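Take a look at the structure set out below.
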Number of protein chains: 2
Amino acid sequence: MTATRKPAASDPPAMSYGLLPDLLGFHLRRAQVALFRHFAHSVGTAADITPGLFGMLQVIAANPGLAQSRLAEAMEVERSTIVKVADQLEARGLIERVPSAVDRRSHCLELTETGRGELARIEGLVLAHEADLTAKLTPAERQTLTRLLIRLAE
Amino acid sequence: MTATRKPAASDPPAMSYGLLPDLLGFHLRRAQVALFRHFAHSVGTAADITPGLFGMLQVIAANPGLAQSRLAEAMEVERSTIVKVADQLEARGLIERVPSAVDRRSHCLELTETGRGELARIEGLVLAHEADLTAKLTPAERQTLTRLLIRLAE
DNA sequence: TATTGTTATACTCTATAACTATA
DNA sequence: TATAGTTATAGAGTATAACAATA
């Protein structure tokens with residue numbers, strides 16, 4: 001049995017969320033807020049990075065020489081949005097814009113040596129964050145959750 | 001068996017997402033993006049509302065006479081953020097700011113008659129959106145997903 | 001002193017539209 | 001004509017800090 005206490009007359013009336021608890025989007029949002037907070041506290045304070053920037057860095061690392069427009073497609077954002085992301089990562093010395101050898105309009109994004117080192121460090125932090133966050137679930141539950149989310153997004 | 005075709009030499013190389021598919025946050029985000037798109041196409045075009053505004057309206061409707069500061073706490077945003085939300089909903093004639101009888105600093109948020117009608121209509125659209133979105137899942141899977149998301153957010 | 005609503009301001013993330021240099 | 005990167009600009013959504021009125 002869970003710990004309870006006698007409700008006092010001075011208690012604020014319990015808040016109702018109406019229909020929201022019946023909606024998947026409500027729980028999806030709450031889970032994401034919880035994850036962002038956990039990420040900010042664990043990874044963010046140790047490495048000054050957000051989930052979004054980390055995602056960009058991952059895709060750049062996994063696809064050496066990726067053009068900015070291809071990154072935009074992969075992340076499902078506008079080309080123009082990538083400019084500032086690349087500016088930021090370049091200003092921090094994590095990536096380089098290398099002119100393409102075959103298309104002079106195109107910039108190939110590449111991790112720098114610094115970027116490779118930083119990314120390795122951040123990956124360690126992210127994996128620890130992931131393990132900590134999902135410690136509430138069994139491995140089977142974690143896999144079930146991932147699979148259901150994938151099917152929802154398809 | 002799934003339909004396939006012979007890969008052509010001109011195919012772009014398959015994009016890799018690196019570590020991202022191993023991370024819950026990646027799938028959480030994709031699911032939320034998919035849900036937002038679906039909401040925008042189904043509910044949004046018929047009622048000019050976003051998931052965020054709908055959530056605010058739900059909590060106001062479910063807690064008549066709620067003060068702005070209490071709404072801010074319930075939605076986990078700053079007091080000052082609520083001002084614009086209330087402005088918007090009031091400008092659309094959906095809610096009213098009623099001066100509190102017991103605390104002259106406080107504004108009690110109340111649905112107008114128009115607001116009640118509109119909310120009822122929007123709720124219908126939202127429930128249809130929810131049913132359509134989750135048609136990919138069995139009722140048991142839907143419940144499992146909700147439960148796992150709740151445990152993740154706890 | 002603390003709280004309520006408000007304003008002014010700013011920051012992040014994103015999009016649109018127009019520009020240039022290539023293709 | 002179409003594409004790659006860029007710029008300028010704007011719109012959500014959010015936060016911080018300060019203020020007047022009130023508790």
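So you can find residues: chains in the structure tokens are A, B, ... in the order shown, residues in each start at 1, and ligands are numbered from 1 in order.
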Identify, on the basis of only C-alpha atoms (C1' of nucleotides), every residue whose closest approach to range 33-50 of chain A does not exceed 8 Å; exclude the query and any residue fewer than 2 positions from it along the same chain; express the result as a count of residues only.
15
Any chance you could fit chain A onto chain B with least squares, all Cα atoms in order, and share the moved copy as a short mmCIF file (atom, residue, chain, number, x, y, z; two decimals) with N, CA and C atoms, in the first residue's frame?
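Ended up saving to selection-v7.cif:
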```cif
data_model
loop_
_atom_site.label_atom_id
_atom_site.label_comp_id
_atom_site.auth_asym_id
_atom_site.auth_seq_id
_atom_site.Cartn_x
_atom_site.Cartn_y
_atom_site.Cartn_z
N MET A 1 6.44 -11.19 -47.29
CA MET A 1 7.65 -10.46 -47.65
C MET A 1 7.31 -9.06 -48.15
N THR A 2 8.20 -8.14 -47.85
CA THR A 2 7.97 -6.74 -48.21
C THR A 2 8.38 -6.49 -49.66
N ALA A 3 7.73 -5.52 -50.31
CA ALA A 3 8.09 -5.16 -51.68
C ALA A 3 9.48 -4.53 -51.69
N THR A 4 10.30 -4.94 -52.61
CA THR A 4 11.64 -4.36 -52.74
C THR A 4 11.88 -4.07 -54.22
N ARG A 5 12.97 -3.34 -54.48
CA ARG A 5 13.39 -3.18 -55.87
C ARG A 5 14.91 -3.26 -55.90
N LYS A 6 15.42 -3.54 -57.08
CA LYS A 6 16.87 -3.63 -57.22
C LYS A 6 17.45 -2.23 -57.00
N PRO A 7 18.48 -2.09 -56.15
CA PRO A 7 19.07 -0.77 -55.97
C PRO A 7 19.78 -0.33 -57.24
N ALA A 8 19.55 0.91 -57.65
CA ALA A 8 20.21 1.44 -58.84
C ALA A 8 21.52 2.10 -58.45
N ALA A 9 22.45 2.14 -59.38
CA ALA A 9 23.75 2.75 -59.11
C ALA A 9 23.59 4.23 -58.79
N SER A 10 22.50 4.86 -59.29
CA SER A 10 22.28 6.29 -59.08
C SER A 10 21.60 6.59 -57.75
N ASP A 11 21.23 5.54 -56.98
CA ASP A 11 20.58 5.79 -55.68
C ASP A 11 21.50 6.60 -54.78
N PRO A 12 20.94 7.55 -54.02
CA PRO A 12 21.77 8.25 -53.04
C PRO A 12 22.17 7.23 -51.98
N PRO A 13 23.39 7.38 -51.42
CA PRO A 13 23.79 6.44 -50.37
C PRO A 13 22.82 6.55 -49.21
N ALA A 14 22.49 5.41 -48.60
CA ALA A 14 21.54 5.41 -47.49
C ALA A 14 22.07 6.28 -46.36
N MET A 15 21.18 7.08 -45.79
CA MET A 15 21.54 7.98 -44.69
C MET A 15 21.65 7.16 -43.41
N SER A 16 22.66 7.45 -42.62
CA SER A 16 22.78 6.80 -41.32
C SER A 16 22.48 7.79 -40.20
N TYR A 17 21.81 7.33 -39.19
CA TYR A 17 21.51 8.19 -38.04
C TYR A 17 22.43 7.89 -36.85
N GLY A 18 23.47 7.12 -37.11
CA GLY A 18 24.44 6.85 -36.05
C GLY A 18 23.78 6.20 -34.84
N LEU A 19 24.08 6.74 -33.68
CA LEU A 19 23.57 6.22 -32.41
C LEU A 19 22.09 6.51 -32.20
N LEU A 20 21.56 7.48 -32.93
CA LEU A 20 20.23 7.99 -32.60
C LEU A 20 19.15 6.91 -32.47
N PRO A 21 19.10 5.93 -33.40
CA PRO A 21 18.04 4.92 -33.28
C PRO A 21 18.11 4.09 -32.00
N ASP A 22 19.24 4.15 -31.29
CA ASP A 22 19.35 3.45 -30.01
C ASP A 22 18.82 4.28 -28.85
N LEU A 23 18.45 5.53 -29.14
CA LEU A 23 18.04 6.42 -28.05
C LEU A 23 16.54 6.65 -28.04
N LEU A 24 15.97 6.51 -26.86
CA LEU A 24 14.54 6.71 -26.68
C LEU A 24 14.11 8.10 -27.12
N GLY A 25 14.95 9.10 -26.81
CA GLY A 25 14.59 10.48 -27.14
C GLY A 25 14.38 10.69 -28.63
N PHE A 26 15.13 9.98 -29.45
CA PHE A 26 15.00 10.07 -30.89
C PHE A 26 13.60 9.61 -31.33
N HIS A 27 13.17 8.49 -30.79
CA HIS A 27 11.87 7.95 -31.17
C HIS A 27 10.72 8.74 -30.55
N LEU A 28 10.96 9.24 -29.35
CA LEU A 28 9.97 10.09 -28.69
C LEU A 28 9.73 11.33 -29.54
N ARG A 29 10.82 11.94 -30.00
CA ARG A 29 10.70 13.15 -30.82
C ARG A 29 9.99 12.86 -32.14
N ARG A 30 10.37 11.76 -32.80
CA ARG A 30 9.73 11.43 -34.07
C ARG A 30 8.24 11.19 -33.90
N ALA A 31 7.88 10.49 -32.82
CA ALA A 31 6.47 10.22 -32.57
C ALA A 31 5.74 11.54 -32.34
N GLN A 32 6.37 12.44 -31.61
CA GLN A 32 5.70 13.71 -31.34
C GLN A 32 5.57 14.55 -32.61
N VAL A 33 6.57 14.54 -33.45
CA VAL A 33 6.48 15.27 -34.72
C VAL A 33 5.34 14.69 -35.56
N ALA A 34 5.25 13.36 -35.61
CA ALA A 34 4.17 12.72 -36.37
C ALA A 34 2.81 13.11 -35.80
N LEU A 35 2.71 13.09 -34.47
CA LEU A 35 1.45 13.46 -33.83
C LEU A 35 1.08 14.91 -34.11
N PHE A 36 2.05 15.82 -34.02
CA PHE A 36 1.79 17.24 -34.29
C PHE A 36 1.30 17.44 -35.71
N ARG A 37 1.94 16.76 -36.64
CA ARG A 37 1.52 16.88 -38.04
C ARG A 37 0.09 16.38 -38.21
N HIS A 38 -0.19 15.24 -37.62
CA HIS A 38 -1.53 14.68 -37.74
C HIS A 38 -2.55 15.62 -37.11
N PHE A 39 -2.22 16.15 -35.95
CA PHE A 39 -3.10 17.11 -35.27
C PHE A 39 -3.34 18.33 -36.14
N ALA A 40 -2.26 18.87 -36.71
CA ALA A 40 -2.38 20.07 -37.54
C ALA A 40 -3.28 19.81 -38.74
N HIS A 41 -3.16 18.64 -39.35
CA HIS A 41 -3.96 18.35 -40.53
C HIS A 41 -5.41 18.06 -40.19
N SER A 42 -5.62 17.34 -39.09
CA SER A 42 -7.00 16.94 -38.79
C SER A 42 -7.70 18.00 -37.94
N VAL A 43 -7.20 18.29 -36.76
CA VAL A 43 -7.85 19.25 -35.87
C VAL A 43 -7.57 20.70 -36.29
N GLY A 44 -6.28 20.99 -36.54
CA GLY A 44 -5.86 22.36 -36.78
C GLY A 44 -6.55 23.05 -37.95
N THR A 45 -6.71 22.34 -39.05
CA THR A 45 -7.33 22.98 -40.21
C THR A 45 -8.81 23.23 -39.97
N ALA A 46 -9.44 22.41 -39.13
CA ALA A 46 -10.88 22.56 -38.89
C ALA A 46 -11.18 23.50 -37.74
N ALA A 47 -10.19 23.80 -36.91
CA ALA A 47 -10.51 24.60 -35.72
C ALA A 47 -9.47 25.63 -35.32
N ASP A 48 -8.40 25.83 -36.09
CA ASP A 48 -7.39 26.83 -35.76
C ASP A 48 -6.93 26.74 -34.31
N ILE A 49 -6.41 25.58 -33.95
CA ILE A 49 -5.92 25.40 -32.58
C ILE A 49 -4.72 24.46 -32.61
N THR A 50 -3.83 24.63 -31.63
CA THR A 50 -2.65 23.77 -31.51
C THR A 50 -2.83 22.87 -30.29
N PRO A 51 -2.03 21.81 -30.21
CA PRO A 51 -2.10 20.95 -29.02
C PRO A 51 -1.91 21.75 -27.73
N GLY A 52 -1.01 22.70 -27.74
CA GLY A 52 -0.76 23.49 -26.54
C GLY A 52 -1.95 24.31 -26.11
N LEU A 53 -2.56 25.03 -27.04
CA LEU A 53 -3.73 25.84 -26.71
C LEU A 53 -4.90 24.96 -26.28
N PHE A 54 -5.05 23.81 -26.95
CA PHE A 54 -6.12 22.89 -26.58
C PHE A 54 -5.94 22.41 -25.14
N GLY A 55 -4.68 22.12 -24.78
CA GLY A 55 -4.40 21.70 -23.41
C GLY A 55 -4.79 22.75 -22.39
N MET A 56 -4.45 24.00 -22.69
CA MET A 56 -4.80 25.11 -21.79
C MET A 56 -6.32 25.17 -21.61
N LEU A 57 -7.02 25.09 -22.74
CA LEU A 57 -8.47 25.18 -22.73
C LEU A 57 -9.08 24.04 -21.91
N GLN A 58 -8.53 22.84 -22.04
CA GLN A 58 -9.00 21.69 -21.28
C GLN A 58 -8.87 21.93 -19.79
N VAL A 59 -7.72 22.43 -19.37
CA VAL A 59 -7.49 22.61 -17.94
C VAL A 59 -8.38 23.72 -17.39
N ILE A 60 -8.57 24.77 -18.19
CA ILE A 60 -9.49 25.84 -17.76
C ILE A 60 -10.91 25.29 -17.62
N ALA A 61 -11.32 24.49 -18.61
CA ALA A 61 -12.68 23.93 -18.59
C ALA A 61 -12.88 22.98 -17.42
N ALA A 62 -11.83 22.24 -17.08
CA ALA A 62 -11.95 21.21 -16.05
C ALA A 62 -11.83 21.79 -14.65
N ASN A 63 -11.40 23.06 -14.54
CA ASN A 63 -11.20 23.69 -13.23
C ASN A 63 -11.79 25.10 -13.24
N PRO A 64 -13.11 25.20 -13.22
CA PRO A 64 -13.75 26.51 -13.36
C PRO A 64 -13.25 27.49 -12.30
N GLY A 65 -12.98 28.71 -12.72
CA GLY A 65 -12.53 29.72 -11.78
C GLY A 65 -11.06 29.66 -11.45
N LEU A 66 -10.32 28.89 -12.21
CA LEU A 66 -8.89 28.72 -11.99
C LEU A 66 -8.16 30.07 -12.13
N ALA A 67 -7.28 30.38 -11.18
CA ALA A 67 -6.46 31.59 -11.29
C ALA A 67 -5.34 31.36 -12.30
N GLN A 68 -4.87 32.43 -12.93
CA GLN A 68 -3.82 32.30 -13.94
C GLN A 68 -2.56 31.63 -13.39
N SER A 69 -2.21 32.00 -12.15
CA SER A 69 -1.00 31.41 -11.56
C SER A 69 -1.15 29.90 -11.34
N ARG A 70 -2.38 29.47 -11.01
CA ARG A 70 -2.59 28.03 -10.82
C ARG A 70 -2.50 27.30 -12.16
N LEU A 71 -3.00 27.94 -13.21
CA LEU A 71 -2.90 27.35 -14.55
C LEU A 71 -1.43 27.22 -14.94
N ALA A 72 -0.66 28.27 -14.64
CA ALA A 72 0.78 28.23 -14.95
C ALA A 72 1.45 27.05 -14.26
N GLU A 73 1.11 26.84 -12.97
CA GLU A 73 1.69 25.71 -12.24
C GLU A 73 1.29 24.38 -12.88
N ALA A 74 0.00 24.27 -13.22
CA ALA A 74 -0.50 23.02 -13.79
C ALA A 74 0.20 22.70 -15.11
N MET A 75 0.46 23.74 -15.92
CA MET A 75 1.08 23.53 -17.23
C MET A 75 2.60 23.61 -17.15
N GLU A 76 3.12 23.83 -15.97
CA GLU A 76 4.56 23.94 -15.75
C GLU A 76 5.22 24.97 -16.67
N VAL A 77 4.60 26.14 -16.74
CA VAL A 77 5.22 27.27 -17.44
C VAL A 77 5.20 28.47 -16.51
N GLU A 78 5.88 29.54 -16.90
CA GLU A 78 5.92 30.76 -16.11
C GLU A 78 4.57 31.49 -16.12
N ARG A 79 4.28 32.18 -15.04
CA ARG A 79 3.10 33.04 -14.95
C ARG A 79 2.97 33.95 -16.17
N SER A 80 4.11 34.54 -16.54
CA SER A 80 4.09 35.54 -17.62
C SER A 80 3.70 34.91 -18.96
N THR A 81 3.97 33.63 -19.10
CA THR A 81 3.61 32.93 -20.34
C THR A 81 2.10 32.82 -20.49
N ILE A 82 1.43 32.67 -19.34
CA ILE A 82 -0.02 32.49 -19.34
C ILE A 82 -0.73 33.76 -19.81
N VAL A 83 -0.12 34.91 -19.55
CA VAL A 83 -0.77 36.18 -19.92
C VAL A 83 -1.15 36.19 -21.40
N LYS A 84 -0.19 35.81 -22.26
CA LYS A 84 -0.45 35.85 -23.70
C LYS A 84 -1.45 34.77 -24.12
N VAL A 85 -1.34 33.62 -23.47
CA VAL A 85 -2.30 32.55 -23.76
C VAL A 85 -3.72 33.03 -23.43
N ALA A 86 -3.87 33.61 -22.25
CA ALA A 86 -5.19 34.11 -21.83
C ALA A 86 -5.65 35.24 -22.76
N ASP A 87 -4.71 36.13 -23.13
CA ASP A 87 -5.05 37.20 -24.08
C ASP A 87 -5.64 36.62 -25.37
N GLN A 88 -4.96 35.62 -25.90
CA GLN A 88 -5.39 34.98 -27.16
C GLN A 88 -6.78 34.38 -27.03
N LEU A 89 -6.94 33.56 -25.99
CA LEU A 89 -8.22 32.86 -25.82
C LEU A 89 -9.34 33.84 -25.54
N GLU A 90 -9.01 34.94 -24.83
CA GLU A 90 -10.02 35.95 -24.54
C GLU A 90 -10.37 36.73 -25.81
N ALA A 91 -9.33 37.05 -26.60
CA ALA A 91 -9.57 37.78 -27.86
C ALA A 91 -10.45 36.97 -28.80
N ARG A 92 -10.36 35.65 -28.70
CA ARG A 92 -11.18 34.79 -29.55
C ARG A 92 -12.55 34.51 -28.93
N GLY A 93 -12.78 35.10 -27.77
CA GLY A 93 -14.09 34.97 -27.13
C GLY A 93 -14.34 33.62 -26.48
N LEU A 94 -13.27 32.86 -26.24
CA LEU A 94 -13.45 31.52 -25.69
C LEU A 94 -13.45 31.50 -24.17
N ILE A 95 -12.71 32.45 -23.57
CA ILE A 95 -12.66 32.52 -22.10
C ILE A 95 -12.87 33.97 -21.65
N GLU A 96 -13.08 34.11 -20.34
CA GLU A 96 -13.19 35.42 -19.71
C GLU A 96 -12.29 35.47 -18.49
N ARG A 97 -11.74 36.65 -18.22
CA ARG A 97 -11.04 36.86 -16.95
C ARG A 97 -12.05 37.47 -15.99
N VAL A 98 -12.45 36.72 -15.00
CA VAL A 98 -13.41 37.22 -14.04
C VAL A 98 -12.67 37.60 -12.76
N PRO A 99 -12.84 38.84 -12.27
CA PRO A 99 -12.16 39.24 -11.02
C PRO A 99 -12.59 38.33 -9.88
N SER A 100 -11.62 37.89 -9.10
CA SER A 100 -11.93 37.02 -7.97
C SER A 100 -12.71 37.79 -6.90
N ALA A 101 -13.67 37.13 -6.28
CA ALA A 101 -14.47 37.76 -5.23
C ALA A 101 -13.69 37.86 -3.93
N VAL A 102 -12.71 36.98 -3.75
CA VAL A 102 -12.00 36.91 -2.47
C VAL A 102 -10.58 37.48 -2.51
N ASP A 103 -10.02 37.66 -3.69
CA ASP A 103 -8.65 38.18 -3.79
C ASP A 103 -8.58 39.11 -4.99
N ARG A 104 -8.46 40.40 -4.71
CA ARG A 104 -8.57 41.36 -5.80
C ARG A 104 -7.37 41.41 -6.73
N ARG A 105 -6.30 40.66 -6.37
CA ARG A 105 -5.18 40.56 -7.31
C ARG A 105 -5.46 39.54 -8.41
N SER A 106 -6.38 38.62 -8.10
CA SER A 106 -6.52 37.38 -8.87
C SER A 106 -7.61 37.42 -9.94
N HIS A 107 -7.31 36.83 -11.07
CA HIS A 107 -8.29 36.70 -12.16
C HIS A 107 -8.69 35.24 -12.30
N CYS A 108 -9.99 34.99 -12.23
CA CYS A 108 -10.47 33.63 -12.41
C CYS A 108 -10.78 33.41 -13.89
N LEU A 109 -10.22 32.35 -14.44
CA LEU A 109 -10.47 32.05 -15.85
C LEU A 109 -11.72 31.18 -15.97
N GLU A 110 -12.61 31.60 -16.86
CA GLU A 110 -13.88 30.89 -17.06
C GLU A 110 -14.15 30.76 -18.55
N LEU A 111 -14.68 29.62 -18.96
CA LEU A 111 -15.11 29.49 -20.35
C LEU A 111 -16.35 30.35 -20.57
N THR A 112 -16.44 30.97 -21.74
CA THR A 112 -17.67 31.65 -22.13
C THR A 112 -18.62 30.62 -22.74
N GLU A 113 -19.85 31.04 -23.02
CA GLU A 113 -20.77 30.14 -23.72
C GLU A 113 -20.17 29.71 -25.06
N THR A 114 -19.64 30.70 -25.79
CA THR A 114 -18.95 30.40 -27.05
C THR A 114 -17.84 29.39 -26.83
N GLY A 115 -17.07 29.61 -25.78
CA GLY A 115 -15.95 28.73 -25.47
C GLY A 115 -16.41 27.30 -25.22
N ARG A 116 -17.51 27.17 -24.49
CA ARG A 116 -18.03 25.83 -24.21
C ARG A 116 -18.42 25.12 -25.51
N GLY A 117 -19.09 25.87 -26.39
CA GLY A 117 -19.50 25.29 -27.66
C GLY A 117 -18.31 24.90 -28.52
N GLU A 118 -17.36 25.85 -28.63
CA GLU A 118 -16.17 25.58 -29.43
C GLU A 118 -15.39 24.39 -28.87
N LEU A 119 -15.26 24.37 -27.53
CA LEU A 119 -14.48 23.29 -26.93
C LEU A 119 -15.12 21.94 -27.21
N ALA A 120 -16.45 21.89 -27.12
CA ALA A 120 -17.15 20.63 -27.40
C ALA A 120 -16.85 20.18 -28.84
N ARG A 121 -16.88 21.14 -29.75
CA ARG A 121 -16.61 20.81 -31.15
C ARG A 121 -15.16 20.33 -31.32
N ILE A 122 -14.22 21.08 -30.69
CA ILE A 122 -12.80 20.72 -30.81
C ILE A 122 -12.54 19.35 -30.19
N GLU A 123 -13.21 19.07 -29.05
CA GLU A 123 -13.01 17.77 -28.41
C GLU A 123 -13.39 16.63 -29.35
N GLY A 124 -14.46 16.84 -30.11
CA GLY A 124 -14.85 15.83 -31.09
C GLY A 124 -13.75 15.61 -32.13
N LEU A 125 -13.18 16.73 -32.60
CA LEU A 125 -12.10 16.64 -33.59
C LEU A 125 -10.88 15.96 -33.00
N VAL A 126 -10.56 16.31 -31.74
CA VAL A 126 -9.37 15.75 -31.10
C VAL A 126 -9.53 14.25 -30.88
N LEU A 127 -10.72 13.84 -30.45
CA LEU A 127 -10.94 12.41 -30.22
C LEU A 127 -10.87 11.63 -31.53
N ALA A 128 -11.37 12.24 -32.61
CA ALA A 128 -11.28 11.59 -33.92
C ALA A 128 -9.81 11.48 -34.36
N HIS A 129 -9.08 12.55 -34.12
CA HIS A 129 -7.63 12.56 -34.43
C HIS A 129 -6.92 11.47 -33.65
N GLU A 130 -7.24 11.38 -32.37
CA GLU A 130 -6.62 10.36 -31.51
C GLU A 130 -6.94 8.95 -32.02
N ALA A 131 -8.20 8.73 -32.36
CA ALA A 131 -8.60 7.40 -32.83
C ALA A 131 -7.89 7.06 -34.14
N ASP A 132 -7.80 8.05 -35.02
CA ASP A 132 -7.16 7.84 -36.31
C ASP A 132 -5.67 7.56 -36.14
N LEU A 133 -5.04 8.37 -35.29
CA LEU A 133 -3.60 8.24 -35.07
C LEU A 133 -3.25 6.88 -34.45
N THR A 134 -4.06 6.44 -33.52
CA THR A 134 -3.75 5.20 -32.81
C THR A 134 -4.40 3.98 -33.45
N ALA A 135 -4.98 4.18 -34.64
CA ALA A 135 -5.58 3.04 -35.34
C ALA A 135 -4.52 2.01 -35.72
N LYS A 136 -3.24 2.48 -35.75
CA LYS A 136 -2.13 1.57 -36.05
C LYS A 136 -1.87 0.59 -34.91
N LEU A 137 -2.39 0.89 -33.73
CA LEU A 137 -2.13 0.06 -32.55
C LEU A 137 -3.41 -0.63 -32.09
N THR A 138 -3.26 -1.79 -31.48
CA THR A 138 -4.42 -2.43 -30.84
C THR A 138 -4.71 -1.66 -29.56
N PRO A 139 -5.93 -1.79 -29.02
CA PRO A 139 -6.24 -1.11 -27.75
C PRO A 139 -5.25 -1.49 -26.65
N ALA A 140 -4.84 -2.75 -26.62
CA ALA A 140 -3.88 -3.18 -25.60
C ALA A 140 -2.53 -2.49 -25.79
N GLU A 141 -2.11 -2.37 -27.04
CA GLU A 141 -0.83 -1.71 -27.31
C GLU A 141 -0.88 -0.24 -26.94
N ARG A 142 -2.01 0.38 -27.25
CA ARG A 142 -2.19 1.79 -26.93
C ARG A 142 -2.08 2.00 -25.42
N GLN A 143 -2.72 1.10 -24.67
CA GLN A 143 -2.66 1.20 -23.21
C GLN A 143 -1.25 0.96 -22.69
N THR A 144 -0.59 -0.02 -23.26
CA THR A 144 0.80 -0.30 -22.87
C THR A 144 1.68 0.92 -23.11
N LEU A 145 1.53 1.51 -24.29
CA LEU A 145 2.32 2.69 -24.64
C LEU A 145 2.09 3.82 -23.64
N THR A 146 0.82 4.10 -23.35
CA THR A 146 0.50 5.15 -22.38
C THR A 146 1.13 4.87 -21.03
N ARG A 147 1.01 3.63 -20.56
CA ARG A 147 1.55 3.28 -19.24
C ARG A 147 3.07 3.42 -19.19
N LEU A 148 3.73 3.00 -20.25
CA LEU A 148 5.20 3.11 -20.27
C LEU A 148 5.63 4.56 -20.31
N LEU A 149 4.90 5.40 -21.06
CA LEU A 149 5.22 6.83 -21.11
C LEU A 149 5.04 7.46 -19.74
N ILE A 150 3.98 7.09 -19.04
CA ILE A 150 3.73 7.63 -17.70
C ILE A 150 4.87 7.24 -16.77
N ARG A 151 5.30 6.00 -16.83
CA ARG A 151 6.38 5.56 -15.94
C ARG A 151 7.69 6.26 -16.28
N LEU A 152 7.90 6.54 -17.55
CA LEU A 152 9.11 7.23 -17.95
C LEU A 152 9.13 8.66 -17.41
N ALA A 153 7.96 9.27 -17.37
CA ALA A 153 7.87 10.69 -16.97
C ALA A 153 7.85 10.86 -15.46
N GLU A 154 7.61 9.78 -14.73
CA GLU A 154 7.47 9.91 -13.27
C GLU A 154 8.74 10.38 -12.59
#
```
If I take C1' of DT22 in chain D and C1' of DT1 in chain C, how far is one from the other in Å, to one decimal?
12.4 Å
Taking the backbone alone, and naming residues the way the document does, which bits of range 80-126 of chain B are strand (DSSP E or B) by DSSP, as a PDB file with N, CA and C atoms, in the first residue's frame?
```
ATOM      1  N   ILE B  95     -12.720  32.448 -23.568  1.00  0.00           N
ATOM      2  CA  ILE B  95     -12.684  32.524 -22.107  1.00  0.00           C
ATOM      3  C   ILE B  95     -12.896  33.974 -21.661  1.00  0.00           C
ATOM      4  N   GLU B  96     -13.097  34.133 -20.356  1.00  0.00           N
ATOM      5  CA  GLU B  96     -13.216  35.451 -19.731  1.00  0.00           C
ATOM      6  C   GLU B  96     -12.294  35.499 -18.520  1.00  0.00           C
ATOM      7  N   ARG B  97     -11.749  36.686 -18.248  1.00  0.00           N
ATOM      8  CA  ARG B  97     -11.045  36.898 -16.981  1.00  0.00           C
ATOM      9  C   ARG B  97     -12.047  37.524 -16.012  1.00  0.00           C
ATOM     10  N   VAL B  98     -12.455  36.768 -15.036  1.00  0.00           N
ATOM     11  CA  VAL B  98     -13.418  37.261 -14.050  1.00  0.00           C
ATOM     12  C   VAL B  98     -12.655  37.639 -12.779  1.00  0.00           C
ATOM     13  N   PRO B  99     -12.844  38.901 -12.290  1.00  0.00           N
ATOM     14  CA  PRO B  99     -12.141  39.286 -11.060  1.00  0.00           C
ATOM     15  C   PRO B  99     -12.563  38.380  -9.914  1.00  0.00           C
ATOM     16  N   HIS B 107      -7.284  36.887 -11.136  1.00  0.00           N
ATOM     17  CA  HIS B 107      -8.271  36.762 -12.211  1.00  0.00           C
ATOM     18  C   HIS B 107      -8.666  35.298 -12.356  1.00  0.00           C
ATOM     19  N   CYS B 108      -9.949  35.053 -12.252  1.00  0.00           N
ATOM     20  CA  CYS B 108     -10.443  33.688 -12.422  1.00  0.00           C
ATOM     21  C   CYS B 108     -10.766  33.457 -13.895  1.00  0.00           C
ATOM     22  N   LEU B 109     -10.223  32.400 -14.452  1.00  0.00           N
ATOM     23  CA  LEU B 109     -10.473  32.102 -15.860  1.00  0.00           C
ATOM     24  C   LEU B 109     -11.718  31.221 -15.980  1.00  0.00           C
ATOM     25  N   GLU B 110     -12.614  31.642 -16.863  1.00  0.00           N
ATOM     26  CA  GLU B 110     -13.877  30.924 -17.061  1.00  0.00           C
ATOM     27  C   GLU B 110     -14.142  30.788 -18.550  1.00  0.00           C
ATOM     28  N   LEU B 111     -14.676  29.647 -18.958  1.00  0.00           N
ATOM     29  CA  LEU B 111     -15.128  29.495 -20.343  1.00  0.00           C
ATOM     30  C   LEU B 111     -16.356  30.357 -20.557  1.00  0.00           C
TER      31      LEU B 111
END
```
Would you tabulate, counting only C-alpha atoms (C1' of nucleotides), all residues of chain C that have an atom at most 8 Å from an atom of chain A, showing the closest pair of atoms and their distance in Å to one decimal, sorted by chain then ascending number, as a Markdown table?
```
| residue | atom | partner | partner_atom | distance |
| --- | --- | --- | --- | --- |
| C:DT14 | C1' | A:Thr81 | CA | 7.2 |
| C:DA15 | C1' | A:Glu78 | CA | 7.4 |
| C:DA21 | C1' | A:Arg105 | CA | 6.8 |
| C:DT22 | C1' | A:Arg105 | CA | 5.4 |
| C:DA23 | C1' | A:Asp103 | CA | 7.8 |
```
For DA18 in chain D, find every residue with an atom within 12 Å (counting only C-alpha atoms (C1' of nucleotides)), except residues of its own chain fewer than 3 positions away, and show them as a short mmCIF file (atom, residue, chain, number, x, y, z; two decimals) with N, CA, C and O atoms (P, O5', C5', C4', C3', O3' and C1' of nucleotides), in the first residue's frame.
```cif
data_model
loop_
_atom_site.label_atom_id
_atom_site.label_comp_id
_atom_site.auth_asym_id
_atom_site.auth_seq_id
_atom_site.Cartn_x
_atom_site.Cartn_y
_atom_site.Cartn_z
P DT C 6 -3.40 40.02 -16.71
"O5'" DT C 6 -2.13 40.94 -16.93
"C5'" DT C 6 -2.16 42.28 -16.43
"C4'" DT C 6 -0.79 42.91 -16.57
"C3'" DT C 6 -0.22 42.90 -17.99
"O3'" DT C 6 -0.47 44.19 -18.54
"C1'" DT C 6 1.44 42.54 -16.29
P DT C 7 -0.20 44.41 -20.10
"O5'" DT C 7 1.34 44.78 -20.15
"C5'" DT C 7 1.78 46.03 -19.61
"C4'" DT C 7 3.29 46.06 -19.61
"C3'" DT C 7 3.94 45.94 -20.99
"O3'" DT C 7 4.59 47.17 -21.26
"C1'" DT C 7 5.03 44.55 -19.38
P DA C 8 5.09 47.53 -22.73
"O5'" DA C 8 6.66 47.35 -22.57
"C5'" DA C 8 7.28 47.54 -21.31
"C4'" DA C 8 8.70 47.02 -21.37
"C3'" DA C 8 9.28 46.88 -22.78
"O3'" DA C 8 10.63 47.33 -22.77
"C1'" DA C 8 9.40 44.80 -21.68
P DT C 9 11.53 47.46 -24.12
"O5'" DT C 9 12.42 46.14 -24.06
"C5'" DT C 9 13.05 45.79 -22.83
"C4'" DT C 9 13.58 44.38 -22.93
"C3'" DT C 9 14.16 44.02 -24.30
"O3'" DT C 9 15.55 43.79 -24.17
"C1'" DT C 9 12.85 42.26 -23.38
#
```
